[in-house]
Protein chains: 6
Amino acid sequence: MTATPLGPILVINPNSSEMVTEGLRAALAGFALDRGPAIECVTIPHGPPGVVTQREVDEASLNVADVIAARPDASAYVIACYSQPGLDLGRSITPKPVYGIQDAGALSALALADTFGVIAVAETSIPRHLRTLRRLGIDNRLAGEVALEGNISVADSGHGEESYAQLLKAATRLKAMGAGAIVLGCAGMSGHCQSLQRELGIAVIDPTQAAVAMALGKLLSGRA
Amino acid sequence: MTATPLGPILVINPNSSEMVTEGLRAALAGFALDRGPAIECVTIPHGPPGVVTQREVDEASLNVADVIAARPDASAYVIACYSQPGLDLGRSITPKPVYGIQDAGALSALALADTFGVIAVAETSIPRHLRTLRRLGIDNRLAGEVALEGNISVADSGHGEESYAQLLKAATRLKAMGAGAIVLGCAGMSGHCQSLQRELGIAVIDPTQAAVAMALGKLLSGRA
Amino acid sequence: MTATPLGPILVINPNSSEMVTEGLRAALAGFALDRGPAIECVTIPHGPPGVVTQREVDEASLNVADVIAARPDASAYVIACYSQPGLDLGRSITPKPVYGIQDAGALSALALADTFGVIAVAETSIPRHLRTLRRLGIDNRLAGEVALEGNISVADSGHGEESYAQLLKAATRLKAMGAGAIVLGCAGMSGHCQSLQRELGIAVIDPTQAAVAMALGKLLSGRA
Amino acid sequence: MTATPLGPILVINPNSSEMVTEGLRAALAGFALDRGPAIECVTIPHGPPGVVTQREVDEASLNVADVIAARPDASAYVIACYSQPGLDLGRSITPKPVYGIQDAGALSALALADTFGVIAVAETSIPRHLRTLRRLGIDNRLAGEVALEGNISVADSGHGEESYAQLLKAATRLKAMGAGAIVLGCAGMSGHCQSLQRELGIAVIDPTQAAVAMALGKLLSGRA
Amino acid sequence: MTATPLGPILVINPNSSEMVTEGLRAALAGFALDRGPAIECVTIPHGPPGVVTQREVDEASLNVADVIAARPDASAYVIACYSQPGLDLGRSITPKPVYGIQDAGALSALALADTFGVIAVAETSIPRHLRTLRRLGIDNRLAGEVALEGNISVADSGHGEESYAQLLKAATRLKAMGAGAIVLGCAGMSGHCQSLQRELGIAVIDPTQAAVAMALGKLLSGRA
Amino acid sequence: MTATPLGPILVINPNSSEMVTEGLRAALAGFALDRGPAIECVTIPHGPPGVVTQREVDEASLNVADVIAARPDASAYVIACYSQPGLDLGRSITPKPVYGIQDAGALSALALADTFGVIAVAETSIPRHLRTLRRLGIDNRLAGEVALEGNISVADSGHGEESYAQLLKAATRLKAMGAGAIVLGCAGMSGHCQSLQRELGIAVIDPTQAAVAMALGKLLSGRA
């Protein structure tokens, strides 16, 4: 395992928004190592503009699995959507590490704080996220989940003053609800992560960065 | 934050064994990035040879906090002992990220599998580990924790055939108990991580590597 | 609501096995009421022979949702597969009751006993079932889940001496593990339900019957 | 079991109010099947007008058990009081199914929604109900329990504009607290079930109907 | 409150066995203080010889409540039966402290150890005890509950070599199952408490003593 | 064990405030028995004036353990600080009972009520207390924890009108949050316990009294 170069960490954006994928590339730029695995972000062009409805989640499962199956050269996979479409399916078709960003984000928050809060893009996603937390077994550590107001799209959630103002509002509420750390509940929000953390004064976790860091750690572990 | 170079990730071995610290350096060698933060492993020379008894844990708390206080140049701290001495204290004296390897290791395992098992160096540490899992809130995801047989020391637990045989025996039992991933329950076991994973066929998590990966992700996040 | 006749309870078998659907019809024959809703069992011909792998589950989700969308005349839907493909999706596209048989079966068992055990067709389905129990929030009431031995198919699991012997063996183990009631962990096992209950001496729940009874109750409730 | 006709499902109202029992008969009228078991609702004439205090609950336990013992011809028993007097005792004296309506109602709600809310007749019953949910193991799925205002009696809780207005008020609060379904926390509220469900837009569960549906399913299961 | 002498702590044995009540008196002899409340143990002559079946528990509820109502001079009440008949009822009729020995025993064990095990007189009581632990909310801290073998009666469980041998056997099993402390699951076992603790090497809790100590503490608190 | 006189119950105040220790002596005056063990309260002169910060907790651990080690004549130890410094360490160096007052107080509250609330001296202690409740496994029974307003010190928290007014305010909020009993979250608050209980109408637990009562019960148990 030491000699062969590691294949890339494949970060899969299950929606068709290149703008979101660009945001992921920007968020992950700092993670590229000279001698480490490449970090490759891919869009699923035939996916929906954002994975919001349950149908979009279920269709995305199969799309994500197709990408995983088509890229046996990758050494790890990150499903860059907070609803984690294809997580179980991906794990059933490859023995390599497959990370979902909700799991990775929430678990990373718990490595820094007793409780966490989540900012969702849309109210309708919250029950789905809660089901995932229950199946993961850490729902009792959730201080709360709050949605952005004002119909902000996945693609817009990481850019511009309007979405930042809404993120700050949601995060401030979550902090008051007892959250010791904040998880951004959408792959598209990365752009605001640092400003938000500075302004709030508690850790803000971008879940894609959290998942890629975990993947990197797992792969580098083999290089030691 | 983008202009100033990041201070090192300080990996603190609370015991006095340079051999264990050397093992940490070896385990983390692959994590050093050209443009990323340095990873610096330090020994606490006046610590005990291994942190095993509760007195050793409680004394180590203050020692670890002294190191954290003395190193304001670091950008993150990893307490490289599975009993996490000084975790609460460290967090109370610095706003920077402080990771404990039990938390980081177990949480990282849950990002890959539904349940995990832990290999302890000594039977006597197990109740203490369980208390920590309960306070973290994920004890219900533990398949089991099993101690090495044969009085293997912290320093020896990552080297040699005898300790490897015992690790494999414990890990095999844990897999049969339903563990979907294995966490090495001691900072000293790193050396056997890869071989064990290959032989078992399920993920084996070195908790120090897991914590450093999380720290790296948190810090790189600011560079994006 | 009192005047209009109730549309049928649509029982959806997501696999292509007419033999399984016939088994469902037989199991539900006693549930047809003169003035109640019809109980209609349908096969998904382009589904797999049995829903066992995760890919089969994820593909079945979309198939099941298509059937639900195509049958707005139905008054309630039962997803007759223990992995409940399409449960969330179905609920997102119709306001009418949609039941999954794992949920209905396990919850019905808890109405009769403190703890329950589950018989799975295949070992590989067990982790998936456990994830569903965790998200439902009743995993702490599970005495255990045990798979049939001897590679018995979904279609064969409810007929013949060989499968009965395996069911009895599994159920006996579960009873010894403390199960106060047994849930058949597959829609295809109905045929053995009564014999098994008589021989074991504790309640045996056929999950499709449990779900149809719940649906019937919910619909009849409106007729009162 | 197939040849012998099934004895009735005995629905036991442990209070002395014939008006409540009449309400049960009305609520269950739609459940009578031509070839199914009869549904027989009985009053306990020497019971209290409503089972509200703990003494009334404890005395009702023995009364309910006497009825069960006196009616070996029944094929299943439903204890039609939300405090479920005699549930454990009933189960200890007959091997036939004995259902409590709190258990059946709450479990049926969870077959339709992630969380549920409960409407209690009186504030004083709420701690008792919570103890029962904890022993059932599903208290973490409760969004909340809210009592009717205005001293409405058990007998009046299912009739008239005043009680309907209070039910609607309570249910609306519970929905705002996150309840995905509502359980009527008293056997006497049946009369308002349908109107409430139509006005609220989420499932409203009459617990006696839920329990009888489960009993029916269990018995019909043997006829298949 | 300081001037008036405190009424007795009334320890209620709900069975008719004077031998058991004598055992309680012996077990509590050391708790009588010169200036503290008297400790008075009473038998319920019309109770059953031992409270074992559910009917005995439910009938005992009313008997115990009658005693509480008849003794307003007492300052606290201890229900000296592990099934705690009348606990809720007693609390509903007096504002004074009412203790159940299962609750007091198990909670006292948790003040000394991470987990506890329980020795039951009879196998049939175990499910009832588990329901009580779940409603108390500490079932996840139970290492196990094991019944005495050989049909030992409540009255005999605290005397003689045969019952001691069975207690030791059960306790030894519980210790091997991980119990950090043992709770005697019957008011009649007191006589063996000290020998058992000495032989086992871990804390053995007599639940009546635990409850009386709590009552004493609550009452003395007012004298300070 | 019957012949030798019992050594004292050593109540250890880990802060340097003689005023707090005097308060403990007053609170425990009623617990001294003619023939029972003495109750001896000691101050740690080199401790901090109050144990509030995490550093004070961690340093107190070692101080408390030194006292335990220096007093082998004691028969039980009570750590009279709500943060329980040295609980694990104390238990690792003596086989005798070691009680922490948070554990003892909260567990004693659960012997009287379904849920409890806690009054903290300072906001900053609350997260630490919650971690302890989680590790004890009863956090789900906590109605809430509320801190005193107005910067009241540990030493002042049990004396004077100002602190009483703040205690009453906090307790009233907790009762409204559903607390069935109140635990005083600091060893220094004893002085107000009785007045508060009388004014609130629900049980108020002084945790040091609760712990000493448990210790007394455990020791007297051997005298029976």
# chains A, B, ... in the order shown; residues from 1 in each chain; ligands from 1
call {"tool": "residues_around", "arguments": {"residues": "Gln84 (chain F)", "least_positions_apart": "5", "cutoff": "12 Å", "atoms": "only C-alpha atoms", "output": "MDAnalysis selection string"}}
result
(chainID E and resid 111) or (chainID F and resid 11:15 51:52 54 56:65 77:79 89:91 98:105 125 128:129 132:133 185:187 207:208 211)
call {"tool": "interface_residues", "arguments": {"of": "chain F", "to": "chain D", "cutoff": "10 Å", "atoms": "only C-alpha atoms", "output": "PyMOL selection string"}}
result
chain F and resi 114-115+140+178+180
call {"tool": "write_last_selection", "arguments": {"atoms": "N, CA and C atoms", "output": "PDB file, in the first residue's frame"}}
result
ATOM      1  N   ASP F 114     -40.307  12.200  39.383  1.00  0.00           N
ATOM      2  CA  ASP F 114     -39.968  11.726  38.036  1.00  0.00           C
ATOM      3  C   ASP F 114     -38.850  12.523  37.386  1.00  0.00           C
ATOM      4  N   THR F 115     -38.791  13.809  37.709  1.00  0.00           N
ATOM      5  CA  THR F 115     -37.805  14.677  37.079  1.00  0.00           C
ATOM      6  C   THR F 115     -37.269  15.631  38.126  1.00  0.00           C
ATOM      7  N   ASN F 140     -31.568  12.397  30.927  1.00  0.00           N
ATOM      8  CA  ASN F 140     -32.913  12.505  30.346  1.00  0.00           C
ATOM      9  C   ASN F 140     -34.004  12.738  31.397  1.00  0.00           C
ATOM     10  N   GLY F 178     -41.028  21.977  34.782  1.00  0.00           N
ATOM     11  CA  GLY F 178     -41.465  20.598  34.957  1.00  0.00           C
ATOM     12  C   GLY F 178     -40.730  19.815  36.026  1.00  0.00           C
ATOM     13  N   GLY F 180     -39.919  18.016  39.257  1.00  0.00           N
ATOM     14  CA  GLY F 180     -40.711  17.467  40.352  1.00  0.00           C
ATOM     15  C   GLY F 180     -39.985  17.586  41.683  1.00  0.00           C
TER      16      GLY F 180
END
call {"tool": "select_by_dssp", "arguments": {"residues": "region 113-196 of chain E", "states": "alpha helix (DSSP H)", "output": "PyMOL selection string"}}
result
chain E and resi 126-136+161-176+193-196
call {"tool": "closest_residue", "arguments": {"among": "B:Ile93, B:Leu174, B:Met189, B:Leu107", "to": "Leu24 (chain B)", "atoms": "only C-alpha atoms"}}
result
B:Met189
call {"tool": "residues_around", "arguments": {"residues": "region 182-184 of chain D", "least_positions_apart": "5", "cutoff": "9 Å", "atoms": "only C-alpha atoms", "output": "list in words"}}
result
Tyr82, Gln102, Gly105, Ala106, Ser108, Ala109, Thr115, Phe116, Gly117, Val118, Ile119, Ala120, Leu167, Ala171, Leu174, Lys175, Met189, Ser190, Cys193, Gln197, Ile202, Ala203, Val204, Ile205, Asp206 and Pro207 of chain D
call {"tool": "select_by_dssp", "arguments": {"residues": "region 66-158 of chain A", "states": "strand (DSSP E)", "output": "number ranges by chain"}}
result
A: 76-79, 98-100, 116-120, 142-147
call {"tool": "write_last_selection", "arguments": {"atoms": "C-alpha atoms", "output": "PDB file, in the first residue's frame"}}
result
ATOM      1  CA  ALA A  76     -12.338   7.381  -0.999  1.00  0.00           C
ATOM      2  CA  TYR A  77     -15.708   8.972  -1.704  1.00  0.00           C
ATOM      3  CA  VAL A  78     -17.440  11.926  -0.103  1.00  0.00           C
ATOM      4  CA  ILE A  79     -21.140  12.468  -0.789  1.00  0.00           C
ATOM      5  CA  VAL A  98     -17.596   6.365   1.751  1.00  0.00           C
ATOM      6  CA  TYR A  99     -18.432   9.455   3.814  1.00  0.00           C
ATOM      7  CA  GLY A 100     -21.705  11.314   4.078  1.00  0.00           C
ATOM      8  CA  PHE A 116     -24.336  21.178  18.153  1.00  0.00           C
ATOM      9  CA  GLY A 117     -26.864  23.093  16.096  1.00  0.00           C
ATOM     10  CA  VAL A 118     -27.581  22.724  12.390  1.00  0.00           C
ATOM     11  CA  ILE A 119     -28.559  25.348   9.806  1.00  0.00           C
ATOM     12  CA  ALA A 120     -30.796  23.885   7.087  1.00  0.00           C
ATOM     13  CA  LEU A 142     -28.571  18.188  18.941  1.00  0.00           C
ATOM     14  CA  ALA A 143     -29.370  21.587  20.432  1.00  0.00           C
ATOM     15  CA  GLY A 144     -31.612  22.377  17.484  1.00  0.00           C
ATOM     16  CA  GLU A 145     -31.929  22.730  13.735  1.00  0.00           C
ATOM     17  CA  VAL A 146     -33.082  25.967  12.161  1.00  0.00           C
ATOM     18  CA  ALA A 147     -33.812  26.740   8.503  1.00  0.00           C
TER      19      ALA A 147
END
call {"tool": "closest_residue", "arguments": {"among": "F:Val67, F:Ala170, F:Pro5, F:Ser92", "to": "Thr124 (chain B)", "atoms": "only C-alpha atoms"}}
result
F:Ser92
call {"tool": "closest_residue", "arguments": {"among": "E:Ala74, E:Leu168, E:Ala122, E:Ile44", "to": "Leu219 (chain E)", "atoms": "only C-alpha atoms"}}
result
E:Ala74
call {"tool": "atom_distance", "arguments": {"atom1": "CA of Glu162 (chain D)", "atom2": "CA of Pro49 (chain D)"}}
result
19.9 Å
call {"tool": "residues_around", "arguments": {"residues": "Pro8 (chain B)", "least_positions_apart": "6", "cutoff": "7 Å", "atoms": "only C-alpha atoms", "output": "list of chain:residue names"}}
result
B:Pro37, B:Ala38, B:Ile39, B:Glu40, B:Ala74, B:Ser75
